[in-house]
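Text of query02.tsv (TSV, C-alpha atoms) as supplied:
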```tsv
chain	number	residue	atom	x	y	z
A	1	MET	CA	84.60	122.60	24.69
A	2	MET	CA	81.41	124.62	24.92
A	3	ASN	CA	79.93	122.15	27.44
A	4	SER	CA	83.07	122.43	29.56
A	5	ASN	CA	82.78	126.22	29.63
A	6	ALA	CA	79.09	126.01	30.50
A	7	SER	CA	79.86	123.67	33.36
A	8	HIS	CA	82.52	126.01	34.66
A	9	ALA	CA	80.21	129.02	34.39
A	10	ASN	CA	77.32	127.29	36.09
A	11	HIS	CA	79.57	126.40	39.01
A	12	HIS	CA	79.98	130.10	39.65
A	13	SER	CA	76.37	131.30	39.50
A	14	PHE	CA	72.72	130.34	39.58
A	15	ILE	CA	69.69	132.23	38.34
A	16	LEU	CA	66.88	132.55	40.90
A	17	THR	CA	63.24	132.61	39.87
A	18	GLY	CA	60.70	135.18	41.05
A	19	ILE	CA	57.25	134.43	39.62
A	20	PRO	CA	57.71	131.48	37.21
A	21	GLY	CA	56.90	132.41	33.61
A	22	MET	CA	56.01	135.99	34.57
A	23	PRO	CA	59.26	137.86	35.34
A	24	GLU	CA	57.62	141.14	34.37
A	25	LYS	CA	55.28	140.72	37.37
A	26	ASN	CA	58.16	140.53	39.89
A	27	PRO	CA	57.98	144.25	40.85
A	28	TRP	CA	54.36	143.73	41.93
A	29	MET	CA	55.59	141.42	44.69
A	30	ALA	CA	58.11	143.93	46.06
A	31	PHE	CA	55.69	145.74	48.38
A	32	PRO	CA	53.88	142.63	49.79
A	33	LEU	CA	57.22	140.94	50.51
A	34	GLY	CA	58.61	144.09	52.07
A	35	LEU	CA	55.51	144.25	54.27
A	36	LEU	CA	55.93	140.59	55.32
A	37	TYR	CA	59.56	141.10	56.31
A	38	THR	CA	58.69	144.30	58.18
A	39	LEU	CA	55.90	142.53	60.10
A	40	THR	CA	58.26	139.66	60.92
A	41	LEU	CA	60.86	142.01	62.40
A	42	LEU	CA	58.27	144.15	64.17
A	43	GLY	CA	56.23	141.27	65.62
A	44	ASN	CA	59.16	139.20	66.84
A	45	GLY	CA	60.94	142.35	68.05
A	46	ILE	CA	57.92	143.26	70.18
A	47	ILE	CA	57.79	139.74	71.65
A	48	LEU	CA	61.49	139.87	72.55
A	49	ALA	CA	61.23	143.38	74.01
A	50	VAL	CA	58.16	142.55	76.12
A	51	ILE	CA	59.78	139.41	77.54
A	52	LYS	CA	62.98	141.28	78.33
A	53	VAL	CA	61.26	144.23	80.03
A	54	ASP	CA	58.60	142.37	82.02
A	55	GLU	CA	60.21	140.38	84.84
A	56	SER	CA	57.02	138.39	85.36
A	57	LEU	CA	57.71	136.80	81.96
A	58	HIS	CA	61.15	135.57	82.99
A	59	GLU	CA	59.95	131.98	83.03
A	60	PRO	CA	61.00	128.89	80.99
A	61	MET	CA	58.01	129.12	78.63
A	62	TYR	CA	58.88	132.67	77.61
A	63	TYR	CA	62.60	131.96	77.32
A	64	PHE	CA	61.75	129.26	74.78
A	65	LEU	CA	59.42	131.72	73.05
A	66	SER	CA	62.34	134.17	72.85
A	67	ILE	CA	64.47	131.49	71.17
A	68	LEU	CA	61.62	130.81	68.73
A	69	ALA	CA	61.33	134.54	67.92
A	70	LEU	CA	65.09	134.81	67.31
A	71	THR	CA	64.96	131.73	65.08
A	72	ASP	CA	62.04	133.17	63.08
A	73	VAL	CA	63.93	136.42	62.51
A	74	SER	CA	67.08	134.53	61.50
A	75	LEU	CA	65.16	132.29	59.09
A	76	SER	CA	63.53	135.34	57.48
A	77	MET	CA	66.86	137.16	57.19
A	78	SER	CA	68.28	134.08	55.42
A	79	THR	CA	65.88	134.53	52.51
A	80	LEU	CA	65.86	138.35	52.54
A	81	PRO	CA	68.99	139.07	50.38
A	82	SER	CA	67.87	136.98	47.39
A	83	MET	CA	64.24	138.12	47.70
A	84	LEU	CA	65.30	141.77	47.63
A	85	SER	CA	67.68	141.08	44.76
A	86	ILE	CA	64.92	139.61	42.58
A	87	PHE	CA	61.81	141.57	43.45
A	88	TRP	CA	63.29	144.96	44.30
A	89	PHE	CA	66.40	145.21	42.11
A	90	ASN	CA	65.57	142.74	39.30
A	91	ALA	CA	68.94	141.01	39.79
A	92	PRO	CA	68.22	137.24	39.87
A	93	GLU	CA	71.81	136.02	39.59
A	94	ILE	CA	73.48	134.63	42.70
A	95	SER	CA	77.04	133.33	42.99
A	96	PHE	CA	77.56	129.64	43.67
A	97	ASP	CA	79.22	130.27	47.06
A	98	ALA	CA	76.50	132.74	48.12
A	99	CYS	CA	73.86	130.18	47.11
A	100	ILE	CA	75.51	127.46	49.19
A	101	THR	CA	75.80	129.82	52.16
A	102	GLN	CA	72.13	130.76	51.94
A	103	MET	CA	71.22	127.09	51.58
A	104	PHE	CA	73.11	126.27	54.77
A	105	PHE	CA	71.37	128.97	56.80
A	106	ILE	CA	67.85	128.26	55.48
A	107	HIS	CA	68.06	124.53	56.18
A	108	GLY	CA	69.96	125.15	59.42
A	109	PHE	CA	67.44	127.57	60.91
A	110	GLY	CA	64.60	125.33	59.70
A	111	GLY	CA	66.16	122.54	61.77
A	112	VAL	CA	66.59	124.89	64.74
A	113	GLU	CA	62.92	125.91	64.57
A	114	SER	CA	61.82	122.27	64.59
A	115	GLY	CA	64.06	121.59	67.60
A	116	VAL	CA	62.74	124.65	69.45
A	117	LEU	CA	59.16	123.45	68.93
A	118	VAL	CA	60.15	120.10	70.48
A	119	SER	CA	61.71	121.95	73.43
A	120	MET	CA	58.52	123.96	73.89
A	121	ALA	CA	56.48	120.74	73.87
A	122	PHE	CA	58.74	119.40	76.64
A	123	ASP	CA	58.26	122.69	78.51
A	124	ARG	CA	54.47	122.33	78.36
A	125	PHE	CA	54.70	118.68	79.46
A	126	VAL	CA	56.80	119.57	82.53
A	127	ALA	CA	54.56	122.55	83.39
A	128	ILE	CA	51.41	120.42	83.36
A	129	ARG	CA	52.85	117.16	84.71
A	130	ASN	CA	55.00	118.68	87.50
A	131	PRO	CA	53.78	122.24	88.08
A	132	LEU	CA	55.29	122.47	91.57
A	133	HIS	CA	58.77	121.53	90.30
A	134	TYR	CA	58.49	123.36	86.96
A	135	ALA	CA	60.98	126.14	87.74
A	136	SER	CA	63.41	123.80	89.51
A	137	ILE	CA	63.47	121.35	86.58
A	138	LEU	CA	63.77	123.92	83.79
A	139	THR	CA	66.46	126.14	85.29
A	140	HIS	CA	68.36	128.78	83.31
A	141	SER	CA	71.23	126.33	82.97
A	142	ILE	CA	69.01	123.56	81.57
A	143	ILE	CA	67.30	125.94	79.14
A	144	GLY	CA	70.71	127.17	77.94
A	145	LYS	CA	71.92	123.59	77.43
A	146	ILE	CA	68.73	122.71	75.51
A	147	GLY	CA	69.23	125.76	73.28
A	148	ILE	CA	72.86	124.83	72.59
A	149	ALA	CA	71.88	121.21	71.87
A	150	VAL	CA	69.19	122.31	69.39
A	151	LEU	CA	71.62	124.64	67.59
A	152	THR	CA	74.44	122.06	67.58
A	153	ARG	CA	72.17	119.36	66.15
A	154	ALA	CA	71.01	121.65	63.34
A	155	VAL	CA	74.58	122.68	62.43
A	156	CYS	CA	75.85	119.09	62.48
A	157	VAL	CA	72.97	117.82	60.35
A	158	VAL	CA	73.20	120.58	57.72
A	159	PHE	CA	77.02	120.85	57.69
A	160	PRO	CA	77.54	118.13	54.99
A	161	VAL	CA	74.98	119.70	52.61
A	162	PRO	CA	77.26	122.39	51.06
A	163	PHE	CA	79.95	119.76	50.40
A	164	LEU	CA	77.43	117.36	48.87
A	165	ILE	CA	76.30	120.11	46.47
A	166	LYS	CA	79.82	121.36	45.73
A	167	ARG	CA	81.00	117.94	44.55
A	168	LEU	CA	78.31	117.81	41.82
A	169	PRO	CA	79.01	118.92	38.24
A	170	PHE	CA	76.47	121.36	36.76
A	171	CYS	CA	76.43	121.24	32.98
A	172	HIS	CA	72.73	121.82	32.28
A	173	SER	CA	70.48	124.76	33.12
A	174	ASN	CA	71.54	126.92	36.04
A	175	VAL	CA	68.02	128.31	36.66
A	176	LEU	CA	66.64	127.49	40.10
A	177	SER	CA	62.88	127.21	40.59
A	178	HIS	CA	62.68	129.36	43.74
A	179	SER	CA	63.67	132.84	44.92
A	180	TYR	CA	66.28	131.37	47.27
A	181	CYS	CA	68.64	128.39	47.32
A	182	LEU	CA	67.43	125.02	48.58
A	183	HIS	CA	69.34	121.73	48.54
A	184	GLN	CA	66.69	119.80	46.63
A	185	ASP	CA	66.33	122.60	44.08
A	186	ALA	CA	70.05	122.92	43.28
A	187	MET	CA	70.50	119.15	43.32
A	188	ARG	CA	68.10	118.59	40.41
A	189	LEU	CA	70.30	120.74	38.11
A	190	ALA	CA	73.29	118.41	38.43
A	191	CYS	CA	74.33	116.29	35.46
A	192	ALA	CA	75.64	113.43	37.62
A	193	SER	CA	74.05	110.96	40.02
A	194	THR	CA	72.44	112.68	43.01
A	195	ARG	CA	71.64	109.45	44.84
A	196	ILE	CA	73.86	110.32	47.83
A	197	ASN	CA	72.29	113.79	48.09
A	198	SER	CA	68.77	112.36	47.88
A	199	LEU	CA	69.51	109.68	50.45
A	200	TYR	CA	71.07	112.17	52.86
A	201	GLY	CA	68.14	114.57	52.39
A	202	LEU	CA	65.71	111.75	53.17
A	203	ILE	CA	67.68	110.76	56.28
A	204	ILE	CA	67.63	114.38	57.49
A	205	VAL	CA	63.86	114.63	57.01
A	206	ILE	CA	63.16	111.33	58.78
A	207	PHE	CA	65.54	111.70	61.73
A	208	THR	CA	65.07	115.40	62.41
A	209	LEU	CA	61.74	116.79	61.21
A	210	GLY	CA	59.96	113.43	61.24
A	211	LEU	CA	61.36	112.41	64.63
A	212	ASP	CA	60.62	115.86	66.06
A	213	ALA	CA	57.01	115.62	64.91
A	214	LEU	CA	56.64	112.21	66.60
A	215	ILE	CA	58.18	113.52	69.84
A	216	ILE	CA	55.79	116.49	69.85
A	217	LEU	CA	52.84	114.16	69.20
A	218	PHE	CA	53.94	111.81	71.99
A	219	SER	CA	54.38	114.78	74.35
A	220	TYR	CA	50.80	115.87	73.75
A	221	VAL	CA	49.51	112.34	74.26
A	222	LEU	CA	51.15	112.42	77.71
A	223	ILE	CA	49.87	115.97	78.32
A	224	LEU	CA	46.32	114.94	77.41
A	225	LYS	CA	46.56	111.89	79.66
A	226	THR	CA	47.68	114.12	82.54
A	227	VAL	CA	44.97	116.72	81.87
A	228	LEU	CA	42.22	114.10	81.78
A	229	GLY	CA	43.34	113.03	85.26
A	230	ILE	CA	42.62	116.50	86.66
A	231	ALA	CA	39.35	116.47	88.59
A	232	SER	CA	38.26	120.07	88.00
A	233	ARG	CA	36.89	120.91	84.53
A	234	ALA	CA	38.02	124.51	84.90
A	235	GLU	CA	41.57	123.39	85.72
A	236	ARG	CA	41.57	121.03	82.74
A	237	LEU	CA	40.61	123.85	80.39
A	238	LYS	CA	43.16	126.16	81.97
A	239	ALA	CA	45.92	123.57	81.47
A	240	LEU	CA	44.96	122.96	77.83
A	241	ASN	CA	44.71	126.68	77.17
A	242	THR	CA	48.40	127.10	78.01
A	243	CYS	CA	49.20	124.73	75.12
A	244	LEU	CA	47.09	126.44	72.43
A	245	SER	CA	49.78	128.89	71.30
A	246	HIS	CA	52.34	126.13	70.94
A	247	ILE	CA	49.91	123.88	69.06
A	248	CYS	CA	49.25	126.75	66.61
A	249	ALA	CA	53.01	127.30	66.15
A	250	VAL	CA	53.49	123.58	65.46
A	251	LEU	CA	50.69	123.60	62.88
A	252	LEU	CA	52.08	126.75	61.24
A	253	PHE	CA	55.43	125.00	60.83
A	254	TYR	CA	54.44	121.44	59.92
A	255	VAL	CA	51.30	121.91	57.78
A	256	PRO	CA	53.08	124.05	55.12
A	257	LEU	CA	56.08	121.67	55.34
A	258	ILE	CA	53.85	118.67	54.64
A	259	GLY	CA	52.14	120.62	51.85
A	260	VAL	CA	55.47	121.48	50.19
A	261	THR	CA	56.65	117.86	50.51
A	262	MET	CA	53.44	116.44	49.02
A	263	ILE	CA	53.43	118.89	46.11
A	264	HIS	CA	57.12	118.29	45.43
A	265	ARG	CA	56.52	114.52	45.46
A	266	PHE	CA	53.12	114.14	43.79
A	267	GLY	CA	52.38	117.53	42.18
A	268	LYS	CA	54.87	117.54	39.31
A	269	HIS	CA	51.94	118.19	36.91
A	270	LEU	CA	50.97	121.37	38.79
A	271	SER	CA	51.96	124.86	37.67
A	272	PRO	CA	55.42	126.02	38.88
A	273	VAL	CA	53.61	128.97	40.46
A	274	VAL	CA	51.94	126.56	42.92
A	275	HIS	CA	55.33	125.08	43.92
A	276	VAL	CA	56.84	128.54	44.48
A	277	PHE	CA	53.76	129.77	46.35
A	278	MET	CA	53.78	126.81	48.76
A	279	ALA	CA	57.53	127.08	49.36
A	280	ASN	CA	57.18	130.80	50.14
A	281	ILE	CA	54.31	130.10	52.55
A	282	TYR	CA	56.46	127.51	54.36
A	283	LEU	CA	59.37	129.93	54.85
A	284	LEU	CA	57.66	133.31	55.17
A	285	LEU	CA	54.32	132.71	56.91
A	286	PRO	CA	55.31	131.14	60.29
A	287	PRO	CA	57.72	133.98	61.25
A	288	VAL	CA	54.92	136.50	60.56
A	289	LEU	CA	52.10	134.63	62.31
A	290	ASN	CA	53.91	133.16	65.35
A	291	PRO	CA	54.13	136.55	67.13
A	292	VAL	CA	50.46	137.20	66.32
A	293	VAL	CA	49.42	133.81	67.73
A	294	TYR	CA	51.41	134.26	70.95
A	295	SER	CA	50.21	137.85	71.37
A	296	VAL	CA	46.56	136.86	70.98
A	297	LYS	CA	46.61	133.53	72.83
A	298	THR	CA	49.03	134.33	75.67
A	299	LYS	CA	47.29	136.55	78.20
A	300	GLN	CA	50.45	137.83	79.90
A	301	ILE	CA	52.05	139.00	76.64
A	302	ARG	CA	48.79	140.49	75.38
A	303	ARG	CA	48.30	142.47	78.60
A	304	ARG	CA	51.87	143.77	78.51
A	305	ILE	CA	51.58	144.92	74.88
A	306	ILE	CA	48.25	146.65	75.58
A	307	ARG	CA	49.78	148.32	78.64
A	308	VAL	CA	52.68	149.70	76.57
A	309	PHE	CA	50.34	151.14	73.93
A	310	GLN	CA	48.09	152.64	76.62
A	311	ARG	CA	51.07	154.38	78.23
A	312	ARG	CA	52.10	155.87	74.88
A	313	LYS	CA	48.53	156.98	74.25
A	314	ASN	CA	48.36	158.67	77.68
A	315	ARG	CA	51.64	160.48	77.06
A	316	THR	CA	50.33	161.91	73.80
```

Represent the structure of the file as structure tokens.
Amino acid sequence: MMNSNASHANHHSFILTGIPGMPEKNPWMAFPLGLLYTLTLLGNGIILAVIKVDESLHEPMYYFLSILALTDVSLSMSTLPSMLSIFWFNAPEISFDACITQMFFIHGFGGVESGVLVSMAFDRFVAIRNPLHYASILTHSIIGKIGIAVLTRAVCVVFPVPFLIKRLPFCHSNVLSHSYCLHQDAMRLACASTRINSLYGLIIVIFTLGLDALIILFSYVLILKTVLGIASRAERLKALNTCLSHICAVLLFYVPLIGVTMIHRFGKHLSPVVHVFMANIYLLLPPVLNPVVYSVKTKQIRRRIIRVFQRRKNRT
């Protein structure tokens, strides 16, 4: 009877974890996390504002960058409620339905970000391979359709996840190992077979993130082949330079993802703090650093930002 009650209770709430084994240290993370979220909103907000205001940036590359910035903000906002709840208000409990909702948005926007990075790789390929037809190939209509396709794919892929979790009975611990809800984290608490969940998770990773990574790699092989065919060394460097920001964004997304996957798979002997730290880097770092990378590496955006600050300085 007691087990039945526990199962019923655990279906209605989970307990999120701040710093594993050191809950008294959670308040120390409140300010750094608040700073990260503020920088994410500020950085991506500046990118979006600059692209909107400056008509010279109304080009396919910057439209895709706008979509990336919106995705970064959305991904950050998906983790914000539970992070604030734990580190600011010391309230680690989250309802089952709220956990599933957060899980859907985190995995969904992660899939969107991967798709946007593929789209940006295609954008760079078209710009370098067919520079004269760049604007005619990537029209507003095509960019809109690509954006809708990326979003639709992410929603369709993640849509079964809440139902796969909801069908599982939870009669053991209801303590999650992260500060937010993830499919693989909630799945391990089930007291029934999770083979279907594991298989579906593996299929998602292979046919979305894995396939996206291969497409990006193949795109850059073609880009490099095209660049090496350019006679002028200066033109070759100029062409490659336009890809640097995107390459950095790809590395910021995939390197932490690979790190989290490897630690989850082979680092079971490591401290739980390491697992939480790597998962937080994967979700929180790219949205903070992507605007910095594009501001530093993209000359047009950098000039526009500097111009805005100079105008404000002159006014004062």

**OP:** Enter the distance from CA of Ile15 in chain A to CA of Val161 in chain A, in Å, rounded to one decimal.
**Re:** 19.7 Å

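Residues of protein, DNA or RNA having at least one counted atom within 12 Å of (66.5, 120.8, 39.3), given all atoms listed in the file, are A:Phe14, A:Ile15, A:Leu16, A:Phe170, A:Cys171, A:His172, A:Ser173, A:Asn174, A:Val175, A:Leu176, A:Ser177, A:His178, A:Cys181, A:Leu182, A:His183, A:Gln184, A:Asp185, A:Ala186, A:Met187, A:Arg188, A:Leu189, A:Ala190, A:Cys191, A:Ala192, A:Thr194, A:His264.
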
Subject >> All residues 10 Å or closer to range 225-240 of chain A, only C-alpha atoms, same chain fewer than 6 positions away omitted, as a VMD selection string >> reply: chain A and resid 124 to 125 127 to 130 219

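Shortest atom-to-atom contact with Met61 in chain A among A:Ser198, A:Thr101, A:Thr139, A:Thr152: A:Thr139, counting only C-alpha atoms.
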
**OP:** Take CA of Cys243 in chain A and CA of Leu132 in chain A and report the distance between them in Å, one decimal.
**Re:** 17.7 Å

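Among the candidates A:Asn280, A:Ser95, A:Ser295, A:Ser271, the residue lying nearest to Ile46 in chain A is A:Ser295 (atoms considered: only C-alpha atoms).
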
List the neighbours of Val274 in chain A out to 12 Å using all atoms listed in the file; skip same-chain residues closer than 5 positions along the sequence, and give me the result as a PDB file with C-alpha atoms, in the coordinates of the input.
```pdb
ATOM      1  CA  ILE A  19      57.250 134.430  39.620  1.00  0.00           C
ATOM      2  CA  PRO A  20      57.710 131.480  37.210  1.00  0.00           C
ATOM      3  CA  SER A 177      62.880 127.210  40.590  1.00  0.00           C
ATOM      4  CA  HIS A 178      62.680 129.360  43.740  1.00  0.00           C
ATOM      5  CA  GLY A 259      52.140 120.620  51.850  1.00  0.00           C
ATOM      6  CA  VAL A 260      55.470 121.480  50.190  1.00  0.00           C
ATOM      7  CA  MET A 262      53.440 116.440  49.020  1.00  0.00           C
ATOM      8  CA  ILE A 263      53.430 118.890  46.110  1.00  0.00           C
ATOM      9  CA  HIS A 264      57.120 118.290  45.430  1.00  0.00           C
ATOM     10  CA  GLY A 267      52.380 117.530  42.180  1.00  0.00           C
ATOM     11  CA  LYS A 268      54.870 117.540  39.310  1.00  0.00           C
ATOM     12  CA  HIS A 269      51.940 118.190  36.910  1.00  0.00           C
ATOM     13  CA  ALA A 279      57.530 127.080  49.360  1.00  0.00           C
ATOM     14  CA  ASN A 280      57.180 130.800  50.140  1.00  0.00           C
ATOM     15  CA  ILE A 281      54.310 130.100  52.550  1.00  0.00           C
TER      16      ILE A 281
END
```

Subject >> Polymer residues at most 10 Å from range 84-93 of chain A, all atoms listed in the file, same-chain spacing of 6 or more positions, as JSON, numbers by chain >> reply: {"A": [13, 14, 15, 16, 17, 18, 19, 23, 24, 25, 26, 27, 28, 29, 30, 31, 33, 34, 99, 174, 175, 176, 179, 180]}

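Of note, CA of Lys299 in chain A and CA of Ala149 in chain A are spaced 29.7 Å apart.
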
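Among the candidates A:Val276, A:Arg153, A:Phe122, A:Val292, the residue lying nearest to Phe218 in chain A is A:Phe122 (atoms considered: all atoms listed in the file).
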
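If you measure from each of A:Pro256, A:Ser76, A:Pro162, A:Leu39 to Phe277 in chain A using only C-alpha atoms, the closest one turns out to be A:Pro256.
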
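Closest to Phe104 in chain A among A:Gly43, A:Arg307, A:Val157, A:Met83 is A:Val157, based on all atoms listed in the file.
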
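If you count only C-alpha atoms and ignore residues fewer than 2 places along the chain from Pro291 in chain A, what sits within 7 Å of it is A:Gly43, A:Asn44, A:Ile47, A:Val288, A:Leu289, A:Val293, A:Tyr294, A:Ser295.
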
Subject >> For Asp123 in chain A: contacts at 12 Å, all atoms listed in the file, fewer than 6 positions along chain excluded, given as number ranges by chain >> reply: A: 59-65, 116-117, 129-131, 133-135, 137-139, 142-143, 146, 216, 219-220, 223, 242-243, 246

If I only have part of range 256-273 of chain A, can you fill in N, CA, C and O atoms and write it as an mmCIF file, in the coordinates of the input?
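Output file part-v6.cif follows:
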```
data_model
loop_
_atom_site.group_PDB
_atom_site.id
_atom_site.type_symbol
_atom_site.label_atom_id
_atom_site.label_comp_id
_atom_site.auth_asym_id
_atom_site.auth_seq_id
_atom_site.Cartn_x
_atom_site.Cartn_y
_atom_site.Cartn_z
ATOM 1 N N PRO A 256 52.463 123.635 56.389
ATOM 2 C CA PRO A 256 53.080 124.050 55.120
ATOM 3 C C PRO A 256 54.215 123.122 54.687
ATOM 4 O O PRO A 256 54.397 122.872 53.491
ATOM 5 N N LEU A 257 54.990 122.595 55.658
ATOM 6 C CA LEU A 257 56.080 121.670 55.340
ATOM 7 C C LEU A 257 55.542 120.410 54.670
ATOM 8 O O LEU A 257 56.081 119.949 53.647
ATOM 9 N N ILE A 258 54.470 119.857 55.237
ATOM 10 C CA ILE A 258 53.850 118.670 54.640
ATOM 11 C C ILE A 258 53.290 118.997 53.263
ATOM 12 O O ILE A 258 53.420 118.209 52.315
ATOM 13 N N GLY A 259 52.681 120.192 53.140
ATOM 14 C CA GLY A 259 52.140 120.620 51.850
ATOM 15 C C GLY A 259 53.206 120.731 50.781
ATOM 16 O O GLY A 259 53.039 120.250 49.652
ATOM 17 N N VAL A 260 54.348 121.349 51.134
ATOM 18 C CA VAL A 260 55.470 121.480 50.190
ATOM 19 C C VAL A 260 55.999 120.109 49.794
ATOM 20 O O VAL A 260 56.270 119.846 48.614
ATOM 21 N N THR A 261 56.136 119.208 50.774
ATOM 22 C CA THR A 261 56.650 117.860 50.510
ATOM 23 C C THR A 261 55.723 117.087 49.585
ATOM 24 O O THR A 261 56.178 116.437 48.632
ATOM 25 N N MET A 262 54.423 117.160 49.845
ATOM 26 C CA MET A 262 53.440 116.440 49.020
ATOM 27 C C MET A 262 53.411 116.975 47.595
ATOM 28 O O MET A 262 53.360 116.200 46.630
ATOM 29 N N ILE A 263 53.457 118.298 47.454
ATOM 30 C CA ILE A 263 53.430 118.890 46.110
ATOM 31 C C ILE A 263 54.715 118.568 45.355
ATOM 32 O O ILE A 263 54.685 118.265 44.160
ATOM 33 N N HIS A 264 55.847 118.613 46.070
ATOM 34 C CA HIS A 264 57.120 118.290 45.430
ATOM 35 C C HIS A 264 57.142 116.834 44.971
ATOM 36 O O HIS A 264 57.717 116.506 43.920
ATOM 37 N N ARG A 265 56.492 115.964 45.753
ATOM 38 C CA ARG A 265 56.520 114.520 45.460
ATOM 39 C C ARG A 265 55.468 114.113 44.443
ATOM 40 O O ARG A 265 55.751 113.348 43.510
ATOM 41 N N PHE A 266 54.233 114.629 44.607
ATOM 42 C CA PHE A 266 53.120 114.140 43.790
ATOM 43 C C PHE A 266 52.522 115.208 42.860
ATOM 44 O O PHE A 266 51.617 114.899 42.088
ATOM 45 N N GLY A 267 53.010 116.460 42.965
ATOM 46 C CA GLY A 267 52.380 117.530 42.180
ATOM 47 C C GLY A 267 53.240 118.034 41.040
ATOM 48 O O GLY A 267 53.231 119.228 40.736
ATOM 49 N N LYS A 268 53.990 117.124 40.403
ATOM 50 C CA LYS A 268 54.870 117.540 39.310
ATOM 51 C C LYS A 268 54.075 118.089 38.119
ATOM 52 O O LYS A 268 54.612 118.834 37.294
ATOM 53 N N HIS A 269 52.789 117.710 38.016
ATOM 54 C CA HIS A 269 51.940 118.190 36.910
ATOM 55 C C HIS A 269 51.383 119.588 37.184
ATOM 56 O O HIS A 269 50.842 120.222 36.283
ATOM 57 N N LEU A 270 51.521 120.058 38.426
ATOM 58 C CA LEU A 270 50.970 121.370 38.790
ATOM 59 C C LEU A 270 51.836 122.501 38.231
ATOM 60 O O LEU A 270 53.009 122.313 37.899
ATOM 61 N N SER A 271 51.241 123.672 38.151
ATOM 62 C CA SER A 271 51.960 124.860 37.670
ATOM 63 C C SER A 271 53.142 125.172 38.595
ATOM 64 O O SER A 271 53.033 125.025 39.816
ATOM 65 N N PRO A 272 54.285 125.616 38.044
ATOM 66 C CA PRO A 272 55.420 126.020 38.880
ATOM 67 C C PRO A 272 55.063 127.109 39.882
ATOM 68 O O PRO A 272 55.684 127.207 40.937
ATOM 69 N N VAL A 273 54.047 127.911 39.538
ATOM 70 C CA VAL A 273 53.610 128.970 40.460
ATOM 71 C C VAL A 273 53.130 128.376 41.775
ATOM 72 O O VAL A 273 53.384 128.932 42.849
#
```
